[in-house]
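Inspection log for the structure reproduced underneath, given as structure tokens.
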Number of protein chains: 2
Amino acid sequence: MKAWEENIRKVVPYVPGEQPQKAGIIKLNTNENPYPPSEAVERAWKDMEIEKLRLYPDPQAKLLVNALAKNYGLMPEQIFVGVGSDDVLAMSFLTFFNSKKPILFPDITYSFYDVWADLFRIPYKKMKLDENFHIKKEDYYQENGGIIFPNPNAPTGVEEEQEILEDILKKNSDVIVIIDEAYVDFGAKSARTLLEKYENLLVVQTFSKSRSMAGIRIGYAMGHSKLIKALQDVKYSYNSYTMNMPSILLGTKAIEEKEYFEMTIEKIIQTREKSKKELKKLGFSFPDSKANFIFATHEKYRAKDIFLYLKSKDIYVRYFPLERIDNYLRITIGTEEQMEALFHALYEFQKERE
Amino acid sequence: MKAWEENIRKVVPYVPGEQPQKAGIIKLNTNENPYPPSEAVERAWKDMEIEKLRLYPDPQAKLLVNALAKNYGLMPEQIFVGVGSDDVLAMSFLTFFNSKKPILFPDITYSFYDVWADLFRIPYKKMKLDENFHIKKEDYYQENGGIIFPNPNAPTGVEEEQEILEDILKKNSDVIVIIDEAYVDFGAKSARTLLEKYENLLVVQTFSKSRSMAGIRIGYAMGHSKLIKALQDVKYSYNSYTMNMPSILLGTKAIEEKEYFEMTIEKIIQTREKSKKELKKLGFSFPDSKANFIFATHEKYRAKDIFLYLKSKDIYVRYFPLERIDNYLRITIGTEEQMEALFHALYEFQKERE
């Protein structure tokens with residue numbers, strides 16, 4: 001080993017969901033939206049003045065911030081935007097979790113929380129979800145340096161009631177509580193309405209799922225203007241320009257297109273509810289999902305075997321070989337046609353084994 | 001102060017160059033390219049399949065990486081891409097500067113180096129440039145945890161000879177030496193040709209200046225495949241998807257457009273050389289610039305007064321109220337017409353004061 005190699009940071013690289021480039025596959029493994037962005041986004045794209053690309057983008061992304069504020073009935077000072085919700089969440093860890101006490105999050109949750117905590121040397125404790133994958137609120141009564149969890153949770157799709165959130169917020173008024181709402185638009189209740197009551201609350205959302213724009217990389221946080229100011233100060237202190245011009249323009253347009261947004265959400269919810277019935281018929285069980293995926297286990301067959309079979313049929317779902325969830329599949333809700341193809345494949349799988 | 005406020009990270013926010021939104025101003029303050037991206041980039045933009053925005057972008061940005069590799073005669077394994085060179089540089093600090101010994105960089109240099117060092121708790125020492133703003137190579141013979149400097153330097157525009165770089169690389173084979181080449185395309189010599197000889201060298205470049213695309217946010221590093229692998233591992237460990245689909249597509253097209261690139265560079269160099277003569281006639285002196293800006297001081301008038309006068313005439317240049325350079329202006333090279341307007345204003349400024 002060379003001398004300089006000793007000083008290289010040692011990490012465990014994250015393994016993202018497969019992004020197969022083959023044509024004709026059915027991709028139900030990374031919770032993308034099966035529907036494209038609206039035609040208005042496409043028009044904004046075509047109308048963009050390419051000449052302006054020679055200039056730095058507005059570091060404050062004011063157009064987008066204002067559109068989000070208007071959409072949610074908040075002040076622009078209550079909105080922070082970043083390059084995907086991963087960027088917003090990592091920045092929030094860096095900004096708010098500077099206590100020596102451990103931050104708390106569930107044992108089954110988004111896989112980047114412990115990664116960011118390790119990266120920024122933030123102590124943490126994982127709180128075990130109950131057997132139905134629900135939070136035990138008493139776990140969050142202990143002394144801590146901050147709290148974060150997704151609602152609905154990933155990869156389970158389970159929603160916690162607002163009373164649980166409020167109870168946790170009240171019992172933790174001395175720290176920041178982050179609710180990661182990547183999947184909230186698919187029928188769950190947003191904690192956004194609690195912002196007026198709890199200034200220690202930060203709500204984080206994304207354009208990657210409900211807004212059909214994973215390819216543009218936009219996430220945002222909503223909270224008290226003091227929290228947003230703190231996030232901005234940290235961000236501007238070390239990297240002022242990260243959101244590019246296309247993101248600002250197309251993101252703004254997507255937010256303004258409320259009707260199209262609601263229509264695609266409605267379609268996905270309908271397909272999800274139908275899929276729940278079909279999966280039950282096929283022998284699966286799952287916690288009730290409020291997200292754009294279903295986290296399912298089969299009464300008879302191993303999740304891994306089903307996963308490999310589906311892959312051989314060019315249907316990609318997500319399998320996590322992790323404690324407590326290694327017999328589950330996370331199945332993204334696609335179009336009606338894609339789900340039909342999935343059910344057919346699952347039926348064939350069982351027929352071959354009977 | 002609320003309890004949670006105590007745990008907020010305290011920072012000194014960076015103040016970027018002004019981005020006035022007024023129409024009709026002459027903007028020579030942030031080193032942007034006065035020429036737009038090529039027509040081929042515009043065509044690629046119009047042809048983009050907006051439908052694909054619903055999918056996550058390729059986290060490895062292979063299209064762009066391959067185009068860069070081909071352009072520079074390197075292997076794809078020798079290229080790392082990020083969201084602007086700020087992203088690439090910050091990631092490089094995090095990846096390579098993990099020694100307990102201080103890293104070294106010049107006292108007059110890009111203003112983010114000490115910010116990143118502070119952020120990641122990397123000890124550092126600033127080495128004083130000589131009176132002509134040149135590096136004293138002996139300063140870099142001492143024990144250190146890594147070295148970084150821009151070449152040409154910012155905000156001086158001064159280029160160091162390849163022999164100086166090679167001397168520093170040889171004397172520091174046990175650490176990583178990063179050459180930040182944001183401005184190299186405007187007539188300086190790239191250290192890229194030294195990559196075969198020195199595996200401890202990392203060369204960082206950007207699309208924001210010579211490639212007319214500050215608005216798209218693309219930077220890249222070139223180095224030994226072992227260095228690139230280390231950068232990728234750190235990046236993927238905590239934020240896999242940051243470069244969005246438009247960046248990948250338009251960046252790729254811009255790199256393929258060699259002829260247009262060379263033509264705009266040539267125009268800027270010609271305007272710069274002409275500007276040097278004009279500025280001398282107007283009583284300015286400056287170190288010889290190999291960048292797309294001139295770092296000039298006046299024999300008679302204070303830089304700050306000139307800066308304010310120009311601003312009142314809607315001409316924006318950059319003024320840094322910092323030790324050793326607070327009587328200098330950094331003037332971006334614009335179009336011929338923009339520079340004429342600048343010279344005219346400078347002439348008027350002096351006439352009013354005679």
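Identifiers in the structure tokens: chain A, B, ... in order shown; residue index from 1 per chain; ligand index from 1 in order shown.
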Excluding same-chain residues fewer than 4 positions from segment 174-187 of chain B, what lies within 8 Å of it counting only C-alpha atoms, as number ranges by chain? A: 2-4; B: 85, 96-97, 144-152, 169, 191, 200-206, 209-210, 265-266, 268-269, 290-292
Export of the given selection (N, CA, C and O atoms) as a compact mmCIF listing (two decimals), in the first residue's frame:
# COMPACT_ATOMS: atom_id res chain seq x y z
N LYS A 2 0.56 2.15 -0.93
CA LYS A 2 1.27 3.43 -0.99
C LYS A 2 0.92 4.29 0.24
O LYS A 2 -0.15 4.15 0.80
N ALA A 3 1.83 5.20 0.56
CA ALA A 3 1.60 6.08 1.71
C ALA A 3 0.29 6.85 1.56
O ALA A 3 -0.50 6.94 2.49
N TRP A 4 0.05 7.39 0.35
CA TRP A 4 -1.16 8.20 0.19
C TRP A 4 -2.45 7.39 0.32
O TRP A 4 -3.49 7.92 0.65
N SER B 85 -17.47 21.88 -10.08
CA SER B 85 -16.18 21.47 -9.53
C SER B 85 -16.16 21.68 -8.02
O SER B 85 -15.38 21.03 -7.32
N PHE B 96 -9.54 12.29 0.29
CA PHE B 96 -8.07 12.15 0.30
C PHE B 96 -7.35 12.83 1.46
O PHE B 96 -6.20 12.50 1.73
N PHE B 97 -7.99 13.80 2.08
CA PHE B 97 -7.28 14.57 3.11
C PHE B 97 -7.68 14.10 4.50
O PHE B 97 -8.34 14.81 5.25
N ASN B 144 3.29 17.17 5.06
CA ASN B 144 1.91 17.64 4.94
C ASN B 144 0.96 16.49 4.68
O ASN B 144 1.38 15.37 4.39
N GLY B 145 -0.35 16.78 4.77
CA GLY B 145 -1.38 15.76 4.56
C GLY B 145 -2.01 15.83 3.18
O GLY B 145 -2.99 15.14 2.90
N GLY B 146 -1.44 16.66 2.31
CA GLY B 146 -1.98 16.84 0.97
C GLY B 146 -1.79 18.27 0.52
O GLY B 146 -1.51 19.16 1.33
N ILE B 147 -1.91 18.48 -0.79
CA ILE B 147 -1.67 19.82 -1.36
C ILE B 147 -2.78 20.12 -2.36
O ILE B 147 -3.22 19.22 -3.10
N ILE B 148 -3.21 21.36 -2.39
CA ILE B 148 -4.15 21.79 -3.44
C ILE B 148 -3.85 23.23 -3.82
O ILE B 148 -3.57 24.07 -2.96
N PHE B 149 -3.87 23.49 -5.12
CA PHE B 149 -3.86 24.88 -5.59
C PHE B 149 -4.44 24.94 -7.00
O PHE B 149 -4.42 23.95 -7.72
N PRO B 150 -5.00 26.11 -7.37
CA PRO B 150 -5.52 26.25 -8.71
C PRO B 150 -4.37 26.63 -9.64
O PRO B 150 -3.44 27.32 -9.24
N ASN B 151 -4.44 26.19 -10.88
CA ASN B 151 -3.47 26.60 -11.89
C ASN B 151 -4.16 26.74 -13.23
O ASN B 151 -4.63 25.74 -13.76
N PRO B 152 -4.28 27.96 -13.78
CA PRO B 152 -3.89 29.24 -13.19
C PRO B 152 -4.59 29.49 -11.86
O PRO B 152 -5.70 29.00 -11.65
N LEU B 169 5.07 17.59 -7.18
CA LEU B 169 4.55 16.22 -7.24
C LEU B 169 5.60 15.21 -6.79
O LEU B 169 5.31 14.28 -6.04
N ALA B 191 -2.06 19.94 -16.37
CA ALA B 191 -1.25 18.90 -15.73
C ALA B 191 -1.73 17.50 -16.12
O ALA B 191 -1.16 16.51 -15.69
N ASN B 200 -0.15 10.17 -7.76
CA ASN B 200 -0.67 10.97 -6.64
C ASN B 200 -1.28 12.29 -7.10
O ASN B 200 -1.60 13.16 -6.29
N LEU B 201 -1.46 12.44 -8.42
CA LEU B 201 -2.00 13.69 -8.99
C LEU B 201 -3.48 13.56 -9.31
O LEU B 201 -3.91 12.59 -9.92
N LEU B 202 -4.25 14.55 -8.90
CA LEU B 202 -5.65 14.65 -9.29
C LEU B 202 -5.86 16.01 -9.95
O LEU B 202 -5.52 17.05 -9.39
N VAL B 203 -6.40 16.00 -11.18
CA VAL B 203 -6.64 17.24 -11.92
C VAL B 203 -8.15 17.47 -11.98
O VAL B 203 -8.90 16.58 -12.37
N VAL B 204 -8.59 18.67 -11.57
CA VAL B 204 -10.03 18.96 -11.52
C VAL B 204 -10.37 20.08 -12.50
O VAL B 204 -9.68 21.11 -12.55
N GLN B 205 -11.40 19.88 -13.30
CA GLN B 205 -11.85 20.90 -14.26
C GLN B 205 -13.37 21.11 -14.16
O GLN B 205 -14.04 20.43 -13.39
N THR B 206 -13.87 22.06 -14.93
CA THR B 206 -15.29 22.45 -14.82
C THR B 206 -15.89 22.84 -16.16
O THR B 206 -15.17 23.22 -17.08
N LYS B 209 -16.74 27.62 -17.00
CA LYS B 209 -16.04 28.74 -17.64
C LYS B 209 -15.86 28.47 -19.13
O LYS B 209 -16.61 28.97 -19.95
N SER B 210 -14.89 27.65 -19.48
CA SER B 210 -14.56 27.49 -20.89
C SER B 210 -15.67 26.81 -21.68
O SER B 210 -15.76 26.97 -22.89
N ILE B 265 -13.04 29.78 -27.10
CA ILE B 265 -11.81 29.98 -26.32
C ILE B 265 -10.91 30.98 -27.04
O ILE B 265 -10.37 31.91 -26.43
N GLU B 266 -10.76 30.76 -28.33
CA GLU B 266 -9.87 31.61 -29.13
C GLU B 266 -10.35 33.08 -29.09
O GLU B 266 -9.55 34.00 -28.94
N ILE B 268 -12.09 34.50 -26.73
CA ILE B 268 -11.88 35.06 -25.37
C ILE B 268 -10.40 35.39 -25.17
O ILE B 268 -10.06 36.44 -24.60
N ILE B 269 -9.53 34.53 -25.65
CA ILE B 269 -8.08 34.81 -25.51
C ILE B 269 -7.72 36.09 -26.26
O ILE B 269 -7.00 36.95 -25.74
N LYS B 290 -3.51 33.99 -17.52
CA LYS B 290 -3.80 32.90 -18.45
C LYS B 290 -5.23 32.41 -18.27
O LYS B 290 -5.59 31.32 -18.70
N ALA B 291 -6.04 33.22 -17.60
CA ALA B 291 -7.42 32.83 -17.31
C ALA B 291 -8.40 33.69 -18.11
O ALA B 291 -7.97 34.48 -18.96
N ASN B 292 -9.70 33.56 -17.86
CA ASN B 292 -10.69 34.41 -18.54
C ASN B 292 -11.03 35.64 -17.69
O ASN B 292 -12.18 36.08 -17.66
Provide as a VMD selection string the residues of chain A at most 7 Å from chain B, counting only C-alpha atoms. chain A and resid 3 to 4 7 to 9 11 to 14 32 to 33 36 to 37 42 46 50 to 51 53 to 57 83 86 95 to 99 112 115 to 116 174 to 176 212 to 217 233 to 234 236 to 239 242 244 to 245
Hey, what's within 9 Å of segment 298-304 of chain A if we count only C-alpha atoms and toss same-chain stuff fewer than 3 positions away? As a list in words, please? Leu282, Gly283, Phe284, Ser285, Phe286, Phe307, Leu308, Tyr309, Tyr319, Phe320, Pro321, Asp326, Asn327, Tyr328, Leu329 and Gln350 of chain A
Using N, CA and C atoms, can you export the residues from the last selection as a compact mmCIF listing (two decimals), in the first residue's frame?
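Output below, filename again_22.txt:
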# COMPACT_ATOMS: atom_id res chain seq x y z
N LEU A 282 -53.07 -14.12 -4.22
CA LEU A 282 -51.90 -14.92 -4.60
C LEU A 282 -51.14 -15.43 -3.36
N GLY A 283 -51.69 -15.18 -2.17
CA GLY A 283 -51.08 -15.73 -0.96
C GLY A 283 -50.09 -14.82 -0.26
N PHE A 284 -50.07 -13.55 -0.66
CA PHE A 284 -49.16 -12.60 0.01
C PHE A 284 -49.88 -11.93 1.18
N SER A 285 -49.09 -11.51 2.17
CA SER A 285 -49.63 -10.60 3.17
C SER A 285 -48.66 -9.43 3.31
N PHE A 286 -49.15 -8.32 3.86
CA PHE A 286 -48.34 -7.09 3.89
C PHE A 286 -48.98 -6.10 4.85
N PHE A 307 -38.16 -13.26 -5.99
CA PHE A 307 -37.36 -12.17 -6.57
C PHE A 307 -36.56 -12.66 -7.77
N LEU A 308 -35.86 -13.79 -7.61
CA LEU A 308 -35.01 -14.30 -8.70
C LEU A 308 -35.84 -14.79 -9.88
N TYR A 309 -36.99 -15.40 -9.56
CA TYR A 309 -37.86 -15.86 -10.63
C TYR A 309 -38.36 -14.67 -11.47
N TYR A 319 -35.48 -6.59 -3.32
CA TYR A 319 -35.32 -7.54 -2.23
C TYR A 319 -34.17 -7.06 -1.35
N PHE A 320 -34.40 -6.97 -0.03
CA PHE A 320 -33.35 -6.53 0.90
C PHE A 320 -32.92 -7.71 1.78
N PRO A 321 -31.70 -8.20 1.64
CA PRO A 321 -31.25 -9.31 2.48
C PRO A 321 -30.84 -8.81 3.87
N ASP A 326 -35.88 -9.97 5.52
CA ASP A 326 -35.29 -10.72 4.41
C ASP A 326 -36.26 -11.73 3.80
N ASN A 327 -37.51 -11.72 4.25
CA ASN A 327 -38.50 -12.54 3.55
C ASN A 327 -39.61 -11.67 2.94
N TYR A 328 -39.22 -10.41 2.63
CA TYR A 328 -40.19 -9.47 2.05
C TYR A 328 -39.70 -8.98 0.68
N LEU A 329 -40.67 -8.61 -0.15
CA LEU A 329 -40.36 -7.95 -1.42
C LEU A 329 -41.00 -6.56 -1.40
N GLN A 350 -46.17 -19.91 -9.03
CA GLN A 350 -46.81 -20.84 -8.11
C GLN A 350 -47.25 -22.12 -8.82
Pick out the residues sitting within 12 Å of Asp288 of chain B, and hand them over as a ChimeraX atom specification; count only C-alpha atoms, and ignore anything fewer than 2 positions along from it in its own chain. /B:132-134,152-153,156-160,187-188,272-273,275-277,280,285-286,290-296
Find the residues around Leu104 of chain A up to 6 Å (only C-alpha atoms counted), leave out those fewer than 6 positions away in its own chain, and share them as a PyMOL selection string. chain A and resi 124-126+147
Residues within 7 Å of segment 251-255 of chain B, please, as a PyMOL selection string. Count only C-alpha atoms; anything in the same chain fewer than 5 positions from it doesn't count. chain B and resi 40-41+44+63-64+67-68
Keeping C-alpha atoms, export the residues of the selection given above as a PDB file, in the first residue's frame.
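Dumped everything to again.pdb:
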ATOM      1  CA  ALA B  40     -25.574  21.128 -30.952  1.00  0.00           C
ATOM      2  CA  VAL B  41     -26.241  21.467 -27.217  1.00  0.00           C
ATOM      3  CA  ALA B  44     -29.734  17.854 -27.782  1.00  0.00           C
ATOM      4  CA  LEU B  63     -22.471   8.762 -21.159  1.00  0.00           C
ATOM      5  CA  LEU B  64     -20.702  11.846 -19.856  1.00  0.00           C
ATOM      6  CA  ALA B  67     -17.320  11.382 -23.632  1.00  0.00           C
ATOM      7  CA  LEU B  68     -14.786  13.012 -21.293  1.00  0.00           C
TER       8      LEU B  68
END
For Asn29 of chain A, find every residue with an atom within 7 Å (counting only C-alpha atoms), except residues of its own chain fewer than 2 positions away, and show them as a PyMOL selection string. chain A and resi 17+27+31+316-318+331-332
I need the residues of segment 207-244 of chain A that end up classed as alpha helix (DSSP H) by DSSP on the backbone, written out as a PyMOL selection string. chain A and resi 225-238
